Each structure stands twice: as C-alpha cells, then as structure tokens.
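Novice: Structure: input.cif, mmCIF, C-alpha atoms.
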```cif
data_target
loop_
_atom_site.label_atom_id
_atom_site.label_comp_id
_atom_site.auth_asym_id
_atom_site.auth_seq_id
_atom_site.Cartn_x
_atom_site.Cartn_y
_atom_site.Cartn_z
CA MET A 21 100.12 231.36 412.84
CA ALA A 22 96.74 230.12 413.98
CA LEU A 23 95.91 229.25 410.38
CA GLN A 24 99.12 227.26 410.01
CA LYS A 25 98.32 225.30 413.19
CA HIS A 26 94.82 224.59 411.90
CA VAL A 27 96.14 223.34 408.57
CA ARG A 28 98.78 221.18 410.29
CA ARG A 29 96.19 219.72 412.69
CA SER A 30 93.82 218.97 409.80
CA PHE A 31 96.60 217.26 407.85
CA GLN A 32 97.54 215.09 410.86
CA GLN A 33 93.92 214.00 411.26
CA LEU A 34 93.72 213.21 407.55
CA THR A 35 96.84 211.05 407.70
CA ARG A 36 95.29 209.08 410.57
CA VAL A 37 92.00 208.53 408.74
CA GLN A 38 93.29 207.90 405.24
CA PRO A 39 95.00 204.54 405.93
CA ILE A 40 91.82 203.22 407.57
CA VAL A 41 89.77 204.28 404.55
CA VAL A 42 92.27 202.59 402.24
CA TYR A 43 92.32 199.41 404.32
CA VAL A 44 88.54 199.24 404.48
CA TYR A 45 88.42 199.66 400.71
CA LEU A 46 90.98 196.86 400.26
CA LEU A 47 89.04 194.62 402.63
CA PHE A 48 85.86 195.26 400.66
CA SER A 49 87.67 194.55 397.39
CA ALA A 50 89.09 191.30 398.80
CA ALA A 51 85.65 190.21 399.95
CA VAL A 52 84.16 190.89 396.51
CA SER A 53 86.91 188.92 394.78
CA ALA A 54 86.51 186.03 397.22
CA ALA A 55 83.25 184.78 395.78
CA PRO A 56 83.10 180.97 395.70
CA GLY A 57 83.67 179.39 392.31
CA SER A 58 85.55 176.80 390.32
CA HIS A 59 89.35 176.77 390.28
CA LEU A 60 91.67 176.36 387.30
CA VAL A 61 94.52 174.00 388.17
CA ALA A 62 96.17 173.77 384.76
CA ASP A 63 95.54 174.36 381.08
CA THR A 64 97.74 174.54 377.99
CA THR A 65 99.21 177.88 379.11
CA THR A 66 100.21 176.77 382.61
CA PRO A 67 103.96 176.59 383.27
CA VAL A 68 105.56 173.84 385.30
CA PHE A 69 107.54 175.11 388.28
CA GLY A 70 111.23 175.41 387.46
CA LEU A 71 110.87 174.05 383.91
CA SER A 72 110.30 175.48 380.45
CA GLY A 73 107.28 174.72 378.30
CA THR A 74 103.62 174.11 379.11
CA LEU A 75 101.34 171.10 379.40
CA ASP A 76 98.83 169.35 377.11
CA GLU A 77 97.11 165.96 376.65
CA PHE A 78 96.00 165.75 380.28
CA GLY A 79 94.85 162.60 382.01
CA VAL A 80 91.84 162.41 384.35
CA PRO A 81 92.96 163.86 387.71
CA GLY A 82 92.94 162.53 391.24
CA PHE A 83 92.06 164.91 394.08
CA ASN A 84 91.50 164.79 397.85
CA GLY A 85 91.56 168.44 398.95
CA ASP A 86 95.31 168.44 399.67
CA VAL A 87 96.74 167.66 396.24
CA VAL A 88 95.71 167.29 392.60
CA SER A 89 97.65 164.71 390.58
CA PHE A 90 97.44 164.05 386.85
CA SER A 91 99.38 162.93 383.83
CA ALA A 92 100.17 165.25 380.91
CA LYS A 93 102.68 165.94 378.18
CA ARG A 94 105.25 168.70 378.43
CA GLY A 95 106.36 169.13 374.88
CA GLY A 96 106.57 165.57 373.59
CA VAL A 97 107.40 164.01 376.98
CA ARG A 98 104.80 162.29 379.15
CA GLY A 99 104.94 162.93 382.88
CA ILE A 100 103.14 162.92 386.23
CA TYR A 101 102.41 166.35 387.72
CA VAL A 102 100.98 167.63 390.98
CA ASP A 103 99.58 170.80 392.51
CA TYR A 104 99.88 170.88 396.31
CA PHE A 105 97.56 173.17 398.25
CA ASP A 106 100.10 174.14 400.90
CA GLY A 107 100.51 177.81 400.11
CA PHE A 108 102.45 177.31 396.88
CA PRO A 109 99.87 176.77 394.10
CA GLU A 110 102.28 175.89 391.30
CA VAL A 111 102.08 172.81 389.13
CA ARG A 112 105.17 170.73 389.81
CA LYS A 113 106.74 167.76 388.09
CA LEU A 114 106.76 164.47 389.97
CA ALA A 115 108.32 162.36 387.20
CA GLU A 116 108.81 162.40 383.42
CA LEU A 117 109.76 159.64 380.99
CA THR A 118 113.19 161.19 380.49
CA ASP A 119 113.97 160.98 384.23
CA ARG A 120 115.69 158.14 386.02
CA THR A 121 113.74 156.06 388.53
CA PRO A 122 114.78 156.22 392.20
CA ASP A 123 116.66 152.96 391.49
CA GLY A 124 118.54 154.50 388.57
CA ASP A 125 116.57 152.70 385.85
CA THR A 126 114.90 154.24 382.81
CA TYR A 127 111.15 154.77 382.59
CA LEU A 128 109.56 153.12 379.56
CA THR A 129 105.88 153.89 380.22
CA LEU A 130 104.07 155.79 382.97
CA ALA A 131 100.63 154.72 384.20
CA GLU A 132 98.00 157.21 385.36
CA PRO A 133 98.58 158.30 388.99
CA ALA A 134 96.66 156.47 391.70
CA ALA A 135 93.48 157.82 393.26
CA GLN A 136 94.23 160.15 396.16
CA GLY A 137 93.76 159.11 399.78
CA ASN A 138 94.55 161.25 402.81
CA GLY A 139 97.35 163.81 402.83
CA GLN A 140 99.75 164.80 400.07
CA ALA A 141 101.06 161.37 399.04
CA VAL A 142 101.00 160.67 395.29
CA ALA A 143 101.76 157.31 393.68
CA PHE A 144 102.02 155.80 390.21
CA SER A 145 103.19 152.60 388.54
CA ALA A 146 105.53 152.34 385.58
CA GLN A 147 107.30 149.96 383.28
CA THR A 148 111.05 150.43 383.59
CA SER A 149 114.21 149.09 381.99
CA SER A 150 114.40 146.55 384.85
CA GLY A 151 110.76 145.44 384.79
CA TYR A 152 107.98 147.18 386.71
CA GLY A 153 107.76 149.43 389.73
CA THR A 154 105.38 151.44 391.89
CA PHE A 155 106.73 154.78 393.07
CA TRP A 156 105.47 157.46 395.40
CA SER A 157 106.14 160.73 397.16
CA THR A 158 104.61 161.40 400.56
CA GLY A 159 104.55 165.19 400.34
CA SER A 160 105.57 168.40 398.63
CA SER A 161 108.97 168.47 400.36
CA VAL A 162 109.69 164.75 399.95
CA GLY A 163 111.37 163.20 396.92
CA LEU A 164 110.26 160.19 394.92
CA SER A 165 110.97 156.70 396.29
CA THR A 166 110.33 153.11 395.23
CA LEU A 167 107.42 151.49 397.03
CA ALA A 168 107.47 148.10 395.27
CA HIS A 169 109.19 146.43 392.33
CA ALA A 170 105.82 145.46 390.87
CA PHE A 171 103.05 147.03 388.82
CA GLY A 172 100.15 148.16 391.01
CA GLY A 173 97.79 149.52 388.37
CA THR A 174 96.72 152.63 386.54
CA GLY A 175 94.28 155.32 387.65
CA ASP A 176 91.50 153.99 389.87
CA CYS A 177 92.96 150.49 389.77
CA MET A 178 95.21 151.83 392.55
CA ALA A 179 94.68 154.22 395.48
CA VAL A 180 96.91 155.95 398.00
CA ALA A 181 96.31 154.87 401.61
CA PRO A 182 98.07 155.61 404.91
CA GLY A 183 101.51 153.99 404.76
CA GLY A 184 101.28 152.70 401.22
CA VAL A 185 99.18 151.98 398.14
CA LEU A 186 96.12 149.80 397.57
CA TYR A 187 95.71 147.92 394.30
CA CYS A 188 93.29 145.48 392.72
CA GLY A 189 94.36 141.84 392.51
CA ASP A 190 92.79 138.51 391.60
CA HIS A 191 91.09 137.99 394.96
CA GLY A 192 90.46 141.50 396.25
CA ILE A 193 92.31 144.63 397.28
CA PHE A 194 96.00 144.26 398.11
CA PHE A 195 98.44 146.61 399.82
CA PHE A 196 101.98 147.75 399.00
CA GLY A 197 103.67 149.07 402.11
CA SER A 198 105.30 148.06 405.37
CA SER A 199 102.91 145.11 405.71
CA SER A 200 102.09 144.14 402.13
CA GLY A 201 99.41 141.58 401.38
CA LEU A 202 95.67 141.08 400.97
CA ARG A 203 93.67 143.91 402.54
CA VAL A 204 90.04 143.19 401.53
CA SER A 205 88.99 139.90 399.94
CA GLY A 206 86.36 139.46 397.27
CA PRO A 207 86.07 138.71 393.54
CA ILE A 208 86.03 142.36 392.46
CA THR A 209 86.91 143.84 389.12
CA SER A 210 88.93 147.00 388.61
CA PRO A 211 88.68 149.94 388.85
CA PHE A 212 87.58 150.49 392.46
CA THR A 213 86.71 153.51 394.60
CA PHE A 214 88.43 154.19 397.93
CA VAL A 215 87.53 156.85 400.48
CA PRO A 216 89.61 156.54 403.69
CA SER A 217 86.71 157.46 405.98
CA GLY A 218 84.08 155.61 403.96
CA GLY A 219 85.55 152.42 402.59
CA PHE A 220 85.68 150.63 399.25
CA GLY A 221 83.26 150.32 396.36
CA ALA A 222 83.72 148.13 393.29
CA THR A 223 81.98 146.04 390.72
CA THR A 224 82.27 142.31 391.22
CA GLN A 225 82.07 139.07 389.28
CA SER A 226 81.43 135.86 391.18
CA VAL A 227 82.45 132.32 390.31
CA ASP A 228 79.11 131.71 388.55
CA GLY A 229 79.69 134.81 386.39
CA ALA A 230 77.12 137.06 388.05
CA LEU A 231 77.94 140.77 387.93
CA GLY A 232 77.29 143.05 390.87
CA VAL A 233 78.24 146.04 393.02
CA ALA A 234 80.12 145.41 396.27
CA PHE A 235 81.10 147.48 399.31
CA ALA A 236 83.54 147.12 402.19
CA GLY A 237 83.92 149.46 405.16
CA PRO A 238 87.29 151.09 405.90
CA THR A 239 88.26 148.31 408.35
CA ALA A 240 86.38 145.41 406.73
CA SER A 241 88.25 142.31 405.62
CA SER A 242 85.84 141.29 402.84
CA PHE A 243 83.38 142.79 400.38
CA THR A 244 79.60 142.55 400.67
CA VAL A 245 77.54 142.42 397.48
CA LEU A 246 74.85 145.12 397.47
CA ALA A 247 73.22 144.34 394.12
CA ASP A 248 73.81 141.85 391.32
CA THR A 249 72.13 140.32 388.31
CA ASN A 250 69.61 138.65 390.62
CA THR A 251 68.48 142.04 391.96
CA THR A 252 65.32 143.64 390.58
CA VAL A 253 65.70 147.08 389.02
CA PRO A 254 63.58 149.47 391.14
CA ASN A 255 60.06 150.17 389.81
CA THR A 256 60.33 147.37 387.23
CA ALA A 257 60.01 143.59 387.03
CA GLU A 258 63.37 143.17 385.27
CA LYS A 259 66.79 142.27 386.66
CA PHE A 260 70.03 144.21 386.45
CA ARG A 261 72.46 143.02 383.83
CA ARG A 262 75.46 145.38 384.19
CA PHE A 263 76.99 147.93 386.57
CA ARG A 264 79.71 150.56 386.66
CA GLN A 265 82.23 151.72 389.26
CA PRO A 266 80.31 153.07 392.28
CA ALA A 267 80.82 156.29 394.23
CA VAL A 268 81.41 156.12 398.01
CA ASP A 269 81.60 158.85 400.65
CA GLY A 270 82.49 159.14 404.32
CA HIS A 271 78.84 159.06 405.43
CA GLY A 272 78.15 155.47 404.41
CA ASN A 273 76.56 156.33 401.07
CA VAL A 274 77.07 154.17 397.99
CA VAL A 275 75.70 155.25 394.60
CA PHE A 276 76.15 153.33 391.35
CA TYR A 277 75.01 153.06 387.75
CA GLY A 278 72.94 149.99 386.98
CA GLU A 279 71.26 148.83 383.81
CA GLY A 280 68.49 146.37 383.00
CA PRO A 281 67.03 145.36 379.63
CA THR A 282 64.88 148.52 379.34
CA ARG A 283 65.69 150.67 382.40
CA ARG A 284 68.96 152.30 383.40
CA GLY A 285 69.87 154.83 386.05
CA LEU A 286 71.70 155.86 389.20
CA TYR A 287 70.80 154.11 392.45
CA ARG A 288 71.66 154.63 396.10
CA TYR A 289 71.99 151.64 398.41
CA GLN A 290 70.17 152.27 401.69
CA ALA A 291 69.33 149.70 404.38
CA GLN A 292 69.10 146.75 401.95
CA HIS A 293 67.00 148.77 399.52
CA LEU A 294 67.80 150.65 396.33
CA ILE A 295 66.66 154.27 396.03
CA VAL A 296 66.33 155.82 392.57
CA ILE A 297 68.43 158.97 392.18
CA ALA A 298 67.48 159.33 388.51
CA ASP A 299 66.74 156.77 385.82
CA SER A 300 65.50 156.57 382.26
CA ASP A 301 61.94 157.11 383.53
CA THR A 302 62.88 160.35 385.33
CA ASN A 303 62.06 163.72 383.78
CA ASP A 304 64.98 166.08 383.27
CA PRO A 305 64.25 169.22 385.37
CA PHE A 306 65.33 171.47 382.46
CA THR A 307 63.59 170.02 379.42
CA GLY A 308 60.93 167.74 380.86
CA ASP A 309 62.22 164.91 378.65
CA LYS A 310 63.28 161.53 380.01
CA PHE A 311 66.93 160.84 380.72
CA SER A 312 68.62 158.84 377.98
CA GLU A 313 72.20 158.20 379.16
CA PHE A 314 74.18 158.48 382.40
CA PHE A 315 77.91 159.01 382.73
CA GLY A 316 80.19 159.87 385.68
CA VAL A 317 78.90 159.99 389.27
CA ALA A 318 80.41 161.28 392.53
CA LEU A 319 79.20 161.96 396.08
CA ASP A 320 79.50 165.38 397.67
CA ASP A 321 78.81 164.98 401.41
CA GLY A 322 75.72 162.89 400.68
CA ALA A 323 74.58 164.74 397.55
CA THR A 324 74.92 162.92 394.24
CA VAL A 325 76.67 164.77 391.40
CA PHE A 326 76.49 163.31 387.91
CA ILE A 327 76.57 163.97 384.18
CA ALA A 328 73.60 162.78 382.13
CA GLN A 329 71.95 163.32 378.78
CA PRO A 330 68.20 163.83 378.41
CA ALA A 331 66.69 162.53 375.18
CA PHE A 332 67.34 164.81 372.17
CA HIS A 333 69.57 167.14 374.22
CA GLY A 334 73.18 167.67 375.25
CA TYR A 335 75.23 166.68 378.29
CA ASN A 336 74.28 168.33 381.57
CA LEU A 337 75.69 168.33 385.11
CA TYR A 338 73.18 167.59 387.91
CA ARG A 339 73.06 167.53 391.68
CA SER A 340 70.60 165.46 393.68
CA ASP A 341 70.31 166.27 397.40
CA ALA A 342 67.71 166.42 400.15
CA THR A 343 65.84 169.18 398.30
CA GLY A 344 65.48 167.20 395.09
CA LEU A 345 67.09 166.91 391.66
CA HIS A 346 68.63 170.11 390.31
CA GLY A 347 70.55 171.06 387.21
CA LEU A 348 73.89 172.77 387.72
CA TYR A 349 75.06 173.36 384.15
CA THR A 350 73.25 172.55 380.92
CA GLU A 351 73.51 172.00 377.18
CA ASP A 352 77.00 170.62 376.49
CA GLU A 353 78.73 173.95 377.12
CA ALA A 354 78.18 176.31 380.05
CA ASP A 355 79.68 179.52 381.39
CA VAL A 356 81.24 178.75 384.77
CA PRO A 357 82.43 181.38 387.30
CA PHE A 358 85.95 180.87 388.66
CA ASP A 359 87.57 182.03 391.88
CA ASP A 360 89.93 184.35 389.96
CA GLY A 361 86.97 186.50 388.92
CA ARG A 362 86.83 185.14 385.37
CA THR A 363 84.05 183.20 383.66
CA ARG A 364 85.14 180.34 381.44
CA ARG A 365 83.05 178.20 379.14
CA ILE A 366 83.36 174.48 379.88
CA SER A 367 82.40 171.60 377.60
CA PHE A 368 80.50 168.98 379.59
CA PHE A 369 80.58 166.73 376.55
CA ASP A 370 84.34 166.52 377.13
CA THR A 371 84.26 166.40 380.95
CA LEU A 372 85.56 163.29 382.72
CA PHE A 373 86.18 162.64 386.43
CA ARG A 374 86.88 159.90 388.96
CA PRO A 375 84.21 159.03 391.57
CA ALA A 376 86.47 159.85 394.55
CA ALA A 377 88.11 163.00 393.12
CA ILE A 378 85.98 165.41 395.14
CA ALA A 379 86.59 167.50 398.28
CA ASN A 380 85.33 170.78 399.73
CA HIS A 381 82.45 170.72 397.20
CA ARG A 382 84.94 170.81 394.33
CA LEU A 383 85.06 168.02 391.76
CA ALA A 384 88.37 167.54 389.91
CA VAL A 385 87.68 167.10 386.20
CA ARG A 386 89.47 167.01 382.89
CA THR A 387 87.57 169.13 380.41
CA LYS A 388 87.90 171.45 377.42
CA LEU A 389 87.53 175.23 377.16
CA PRO A 390 85.63 175.99 373.92
CA ARG A 391 86.32 179.74 374.02
CA GLU A 392 90.05 179.14 374.43
CA SER A 393 90.68 177.15 371.24
CA ASN A 394 89.04 174.10 372.82
CA HIS A 395 92.17 173.48 374.89
CA GLN A 396 92.15 170.85 377.60
CA ALA A 397 92.20 171.86 381.26
CA ILE A 398 92.21 170.44 384.77
CA VAL A 399 89.50 172.19 386.80
CA LEU A 400 88.19 171.95 390.36
CA LEU A 401 84.53 172.38 389.47
CA ASP A 402 82.22 174.02 392.02
CA VAL A 403 79.34 171.56 392.55
CA SER A 404 77.91 173.16 395.68
CA GLY A 405 74.71 174.13 393.89
CA ALA A 406 75.48 177.51 392.30
CA GLY A 407 75.24 176.64 388.62
CA SER A 408 73.64 178.08 385.51
CA GLY A 409 70.41 176.07 385.72
CA GLU A 410 66.94 177.42 386.33
CA SER A 411 66.45 175.34 389.48
CA THR A 412 69.73 174.69 391.23
CA GLY A 413 68.44 174.01 394.72
CA GLY A 414 70.39 174.97 397.79
CA SER A 415 72.80 173.03 399.92
CA GLY A 416 73.47 175.75 402.49
CA GLU A 417 76.81 177.35 403.26
CA THR A 418 79.68 175.40 401.71
CA GLU A 419 83.33 175.06 402.53
CA ARG A 420 85.73 177.04 400.39
CA PRO A 421 88.26 175.40 398.11
CA PRO A 422 91.97 175.59 398.86
CA SER A 423 93.24 179.13 398.37
CA SER A 424 95.39 179.98 395.38
CA SER A 425 97.31 183.19 396.00
CA SER A 426 99.61 182.79 393.02
CA GLY A 427 99.15 184.66 389.77
CA LYS A 428 100.09 181.68 387.63
CA HIS A 429 96.76 181.83 385.78
CA GLY A 430 96.40 185.57 385.92
CA CYS A 431 94.41 185.21 389.14
CA SER A 432 93.95 187.97 391.66
CA GLY A 433 93.82 185.49 394.49
CA GLY A 434 91.98 182.52 395.88
CA SER A 435 88.56 182.23 397.40
CA ALA A 436 89.93 182.68 400.90
CA ALA A 437 91.32 186.10 400.07
CA ALA A 438 89.03 187.96 402.44
CA ALA A 439 89.94 185.70 405.33
CA LEU A 440 93.64 186.23 404.68
CA PHE A 441 93.37 190.05 404.63
CA PRO A 442 95.50 191.46 407.50
CA LEU A 443 92.76 192.83 409.76
CA TRP A 444 95.39 193.97 412.26
CA LEU A 445 96.10 196.87 409.87
CA LEU A 446 92.78 198.38 410.95
CA LEU A 447 93.88 198.39 414.57
CA PRO A 448 96.89 200.75 414.98
CA LEU A 449 97.34 199.78 418.64
CA ALA A 450 97.26 196.05 418.00
CA LYS A 451 100.45 194.06 417.92
CA ARG A 452 101.46 192.94 414.45
CA PRO A 453 101.30 189.13 414.21
CA ARG A 454 104.30 187.10 413.20
CA GLU A 455 104.45 186.17 409.54
CA GLY A 456 104.12 182.53 408.65
CA ARG A 457 102.81 180.16 406.01
CA ARG A 458 99.26 179.04 406.64
CA SER A 459 98.35 175.40 406.26
CA ASN A 460 95.66 174.18 403.89
CA ALA A 461 93.45 173.35 406.86
CA ALA A 462 93.74 176.90 408.09
CA LEU A 463 92.68 178.22 404.71
CA GLU A 464 89.63 175.98 404.58
CA ASN A 465 88.55 176.81 408.12
CA ALA A 466 89.09 180.55 407.73
#
```
For this file, write the structure as structure tokens.

Specialist:
Amino acid sequence: MALQKHVRRSFQQLTRVQPIVVYVYLLFSAAVSAAPGSHLVADTTTPVFGLSGTLDEFGVPGFNGDVVSFSAKRGGVRGIYVDYFDGFPEVRKLAELTDRTPDGDTYLTLAEPAAQGNGQAVAFSAQTSSGYGTFWSTGSSVGLSTLAHAFGGTGDCMAVAPGGVLYCGDHGIFFFGSSSGLRVSGPITSPFTFVPSGGFGATTQSVDGALGVAFAGPTASSFTVLADTNTTVPNTAEKFRRFRQPAVDGHGNVVFYGEGPTRRGLYRYQAQHLIVIADSDTNDPFTGDKFSEFFGVALDDGATVFIAQPAFHGYNLYRSDATGLHGLYTEDEADVPFDDGRTRRISFFDTLFRPAAIANHRLAVRTKLPRESNHQAIVLLDVSGAGSGESTGGSGETERPPSSSSGKHGCSGGSAAAALFPLWLLLPLAKRPREGRRSNAALENA
C-alpha cells in the first residue's frame, strides 16, 4: 500500500513538472527559430488567397512596413497584388485585367502600383474602356474604389498619401483626393520619392535646361534645388552632368547618384555641402578595387544601402553608416538567411528596388533565386548589417520585420515567434488572457 502511494505521488509530481519542461523546450525552440532574417513575400510557387494558380513576371514592389504591393501575372493575366501584415500573411488580389473597374468598365492596361505611404492604402492607375482612372483601396478589409477619372502615373511617378494619391505633373507634385490640386511646385521630372515623415525628393530640369536634384519637406509648398549642373563634384574640379532619383528618409537625409565627366558616385546632402558616400575613387572594402558602377540606393534610418559594382567584379550590396562602409552580400549571388529558417541564394545582378520601399530594416526587392530554377521572387531583404561580407559593421539592435505566422511558404513562423509564445502557460496560477488578433505594431514592438 505504501509503495502504491509512493508511485502515485511520484506520478502526480511528474505530471506537474512535465508540462513546464515541454513549454520551456517549446519556448527555446521558438527563440531559436526567431532569428532575424529576410522574408519571402512571394515567388513562383506562392498561391493567391482564394484563387487557383501561382504568380510570375513580378514588378518592382512598394513597401512601407504595413503592406507590400506589386504587379505580377497569374497564368496569362496581369494583376495588382498585396500582402498585408495584419496577422494574415497571404498574398491577395487587388485587381486583375479580367475584372471590372469599380465603375463597371473594363481594364485595358494596369500600371505599376504607386509607392506606399502610411498605412495599408494601395493605389494604381489604369487605362479602361472609358478612358483612364486611378483606383485605390484603403485597407485589407476595404474594397477597391475610384479615386479619380484620370491617369496618375506608374510606379514611383505616384505615391500614396493620407487621404489620397500624389502624382507628378508639369509643374510639380499634384494630389488626387478630397482637395485635389497642386501640392508642391517645382519643375521636377518623374519618378519622385515620397516619405510621409521626411518629404519629397526628385530630379529637376529648369527652364534653362539645367539638371539637378531637389527636395521639399513634408509640409513645403515648393522644391529647393540641392545640386545641379553648376555644382562641383566633390573632390574634383568638374561639374555634375546628370542625376538619378534620390532617396529620402524621415531624419532629413537625402542621398542621390550624381555623375560628372570622369567621376560618379553616391552623395549625401548635408548643410549645403555634399558628402561622399562612395564614388568611383572609393576602394571596395571586399576587393580593394575602385567602384565602377552604382545602381539602386535607399536610406535605412540614416544608413545608406546600395548596389554597386567594383571594377572587374560582380554586383554587391553595401551599407554605409556611422561606422563606415561595409559589404552585406557580394559577388552577384549570395546565400541569404530567411526568417523561416531557410537559406536562399539571391542574384544581386537581378535585384531591383524603389528608394522608399524600406521599413524595419527590410528592403523590398524583386530578385531571382538561382538555386530555384532562377525564378523571380519578391523579398523583404534584411539590410540591418548581418550579411555574408567579411566586414559588415554593426548597427546595433534592429527592429524585427512584420511576423508571418502562415505556412504559405513552408515557414515555421515569423521572426516574432518567440514574442508571441504564450508565456502564461508557464504560470499555472495565472489567468489565461483573452484571445485576439495582434496588430502589426504590436508584433514590431514585441
């Protein structure tokens, strides 16, 4: 009898301890799988929510931390697709050529979706059977509506803003919305960059034909030229002769590509001076050779992220911050860790992005996956500093990307998995919290 009591008592103690051991193990496993990394939004195997078939022939995405928007083909039909980071990480259709417009017309062509502003609003312009239109949806639970019976633009020639859409016109930036009209005046050329907390950046062409780079703050009524063909290229005696679309962030930084007769590079405007980020006289930190060409550029909370090619070498991704110039990924193709625990090889030769498509240290890019039949993909690329280079530098603790708890890509969970683990399970006396869907902000702050 005493033996039976002892066995029963031992079993009861074991049943109390075992769940805690299991929960601790699960917590540890979640923490291991929650390592920061890049995030796969869509590739040629990704289904579209509620529809058959998969996507291909992707456009260059827009991204603001709340939503990714991009064009693609599903079968032989072109469409606009979105992935909202609101707890449901599925790619969803916004519109396809075979759909009817909100006015009942037929789509004839679809332009690339506008650059993303704040929130979940997504917009695009199209040619329709009745002329032209600009259409938008203000959120994941809101249908498509007609914003204007006019063509706003394609890609970065248009940007979502609070209450409407900004677009490039003959005399500046105009607005479609409740109070349509001229928003920021200036002889700019499209495309332009818009960051709600930072303002506008664009190239410009004046009446006398001079090319330049211009900036306007978020509440400014006109553009200010920062550099033009009368500006001396830093560390030379020559003048600039051409520019490309600048990058802007919410901290007042403006970075742009500029080119003179013999010198080209990336430059930051600072207190009426130009600071060299990297130019054709800068040594690549990997090879020691001079940079030959520069491509896309974006700003990540003050750090400059860009793709460049050193002489006699492939395309590399770099980050320049307060600690110097560092290589993130090198030599055309690089193995990149993802937040689903997988490592995918990305082709930086085939990587394109928009200057404002960056949030939470993730840059939205269209790229190719060489190990997966060279298929195209939309990726949120981790540019926080943890790359494959020999000298990556450090930018400190970074924010995590939006969580993706779905298994649509064979993922085991998003990078916020550890934060979402139910810690109340470890406390038998604690009251179980009410279930509810967490917002994207809650995921990022967890």

Novice: Evaluated on this file, the PyMOL selection byres ((chain A and resi 90-99) around 7) picks out some residues - which ones are they, written as number ranges by chain?

Specialist: A: 73-82, 88-89, 100-102, 115-117, 132-133

Novice: Of the candidates A:Lys388, A:His346, A:Lys259, A:His381, which shows the shortest atom-to-atom distance to Arg364 (chain A), using only C-alpha atoms?

Specialist: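 Nearest to Arg364 (chain A): A:Lys388.
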
Novice: With the PyMOL selection byres ((chain A and resi 141) around 7) as the selection, what would be picked from this file? Answer as a PyMOL selection string, please.

Specialist: chain A and resi 139-140+142-143+156-159+180

Novice: Can you list, as a PyMOL selection string, every protein, DNA or RNA residue that comes within 12 Å of Asn303 (chain A) when you count all atoms listed in the file, leaving out same-chain residues fewer than 4 positions away?

Specialist: chain A and resi 297-299+307-312+328-331+345-347

Novice: For this file, the PyMOL selection byres ((chain A and resi 262) around 12) selects which residues, as a ChimeraX atom specification?

Specialist: /A:223-225,229-233,247-251,253,259-261,263-265,276-281,283-285

Novice: For those residues, write C-alpha atoms to a file as a PDB file, keeping the file's coordinate frame.

Specialist:
```pdb
ATOM      1  CA  THR A 223      81.980 146.040 390.720  1.00  0.00           C
ATOM      2  CA  THR A 224      82.270 142.310 391.220  1.00  0.00           C
ATOM      3  CA  GLN A 225      82.070 139.070 389.280  1.00  0.00           C
ATOM      4  CA  GLY A 229      79.690 134.810 386.390  1.00  0.00           C
ATOM      5  CA  ALA A 230      77.120 137.060 388.050  1.00  0.00           C
ATOM      6  CA  LEU A 231      77.940 140.770 387.930  1.00  0.00           C
ATOM      7  CA  GLY A 232      77.290 143.050 390.870  1.00  0.00           C
ATOM      8  CA  VAL A 233      78.240 146.040 393.020  1.00  0.00           C
ATOM      9  CA  ALA A 247      73.220 144.340 394.120  1.00  0.00           C
ATOM     10  CA  ASP A 248      73.810 141.850 391.320  1.00  0.00           C
ATOM     11  CA  THR A 249      72.130 140.320 388.310  1.00  0.00           C
ATOM     12  CA  ASN A 250      69.610 138.650 390.620  1.00  0.00           C
ATOM     13  CA  THR A 251      68.480 142.040 391.960  1.00  0.00           C
ATOM     14  CA  VAL A 253      65.700 147.080 389.020  1.00  0.00           C
ATOM     15  CA  LYS A 259      66.790 142.270 386.660  1.00  0.00           C
ATOM     16  CA  PHE A 260      70.030 144.210 386.450  1.00  0.00           C
ATOM     17  CA  ARG A 261      72.460 143.020 383.830  1.00  0.00           C
ATOM     18  CA  PHE A 263      76.990 147.930 386.570  1.00  0.00           C
ATOM     19  CA  ARG A 264      79.710 150.560 386.660  1.00  0.00           C
ATOM     20  CA  GLN A 265      82.230 151.720 389.260  1.00  0.00           C
ATOM     21  CA  PHE A 276      76.150 153.330 391.350  1.00  0.00           C
ATOM     22  CA  TYR A 277      75.010 153.060 387.750  1.00  0.00           C
ATOM     23  CA  GLY A 278      72.940 149.990 386.980  1.00  0.00           C
ATOM     24  CA  GLU A 279      71.260 148.830 383.810  1.00  0.00           C
ATOM     25  CA  GLY A 280      68.490 146.370 383.000  1.00  0.00           C
ATOM     26  CA  PRO A 281      67.030 145.360 379.630  1.00  0.00           C
ATOM     27  CA  ARG A 283      65.690 150.670 382.400  1.00  0.00           C
ATOM     28  CA  ARG A 284      68.960 152.300 383.400  1.00  0.00           C
ATOM     29  CA  GLY A 285      69.870 154.830 386.050  1.00  0.00           C
TER      30      GLY A 285
END
```

Novice: Quick one: residues within 10 Å of Phe194 (chain A), all atoms listed in the file counted, chain neighbours fewer than 5 positions away excluded, as a list of chain:residue names?

Specialist: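 Close residues of Phe194 (chain A): A:Gly172, A:Met178, A:Val185, A:Leu186, A:Tyr187, A:Cys188, A:Gly189, A:Ser200, A:Gly201, A:Leu202, A:Arg203, A:Val204, A:Ser205.
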
Novice: Quote the spacing between CA of Lys113 (chain A) and CA of Phe69 (chain A) in Å to one decimal place.

Specialist: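 These atoms are spaced 7.4 Å apart.
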
Novice: Could you work out how far CA of Thr64 (chain A) lies from CA of Thr387 (chain A), giving the answer in Å with one decimal?

Specialist: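 Result for CA of Thr387 (chain A) versus CA of Thr64 (chain A): 11.8 Å, one decimal.
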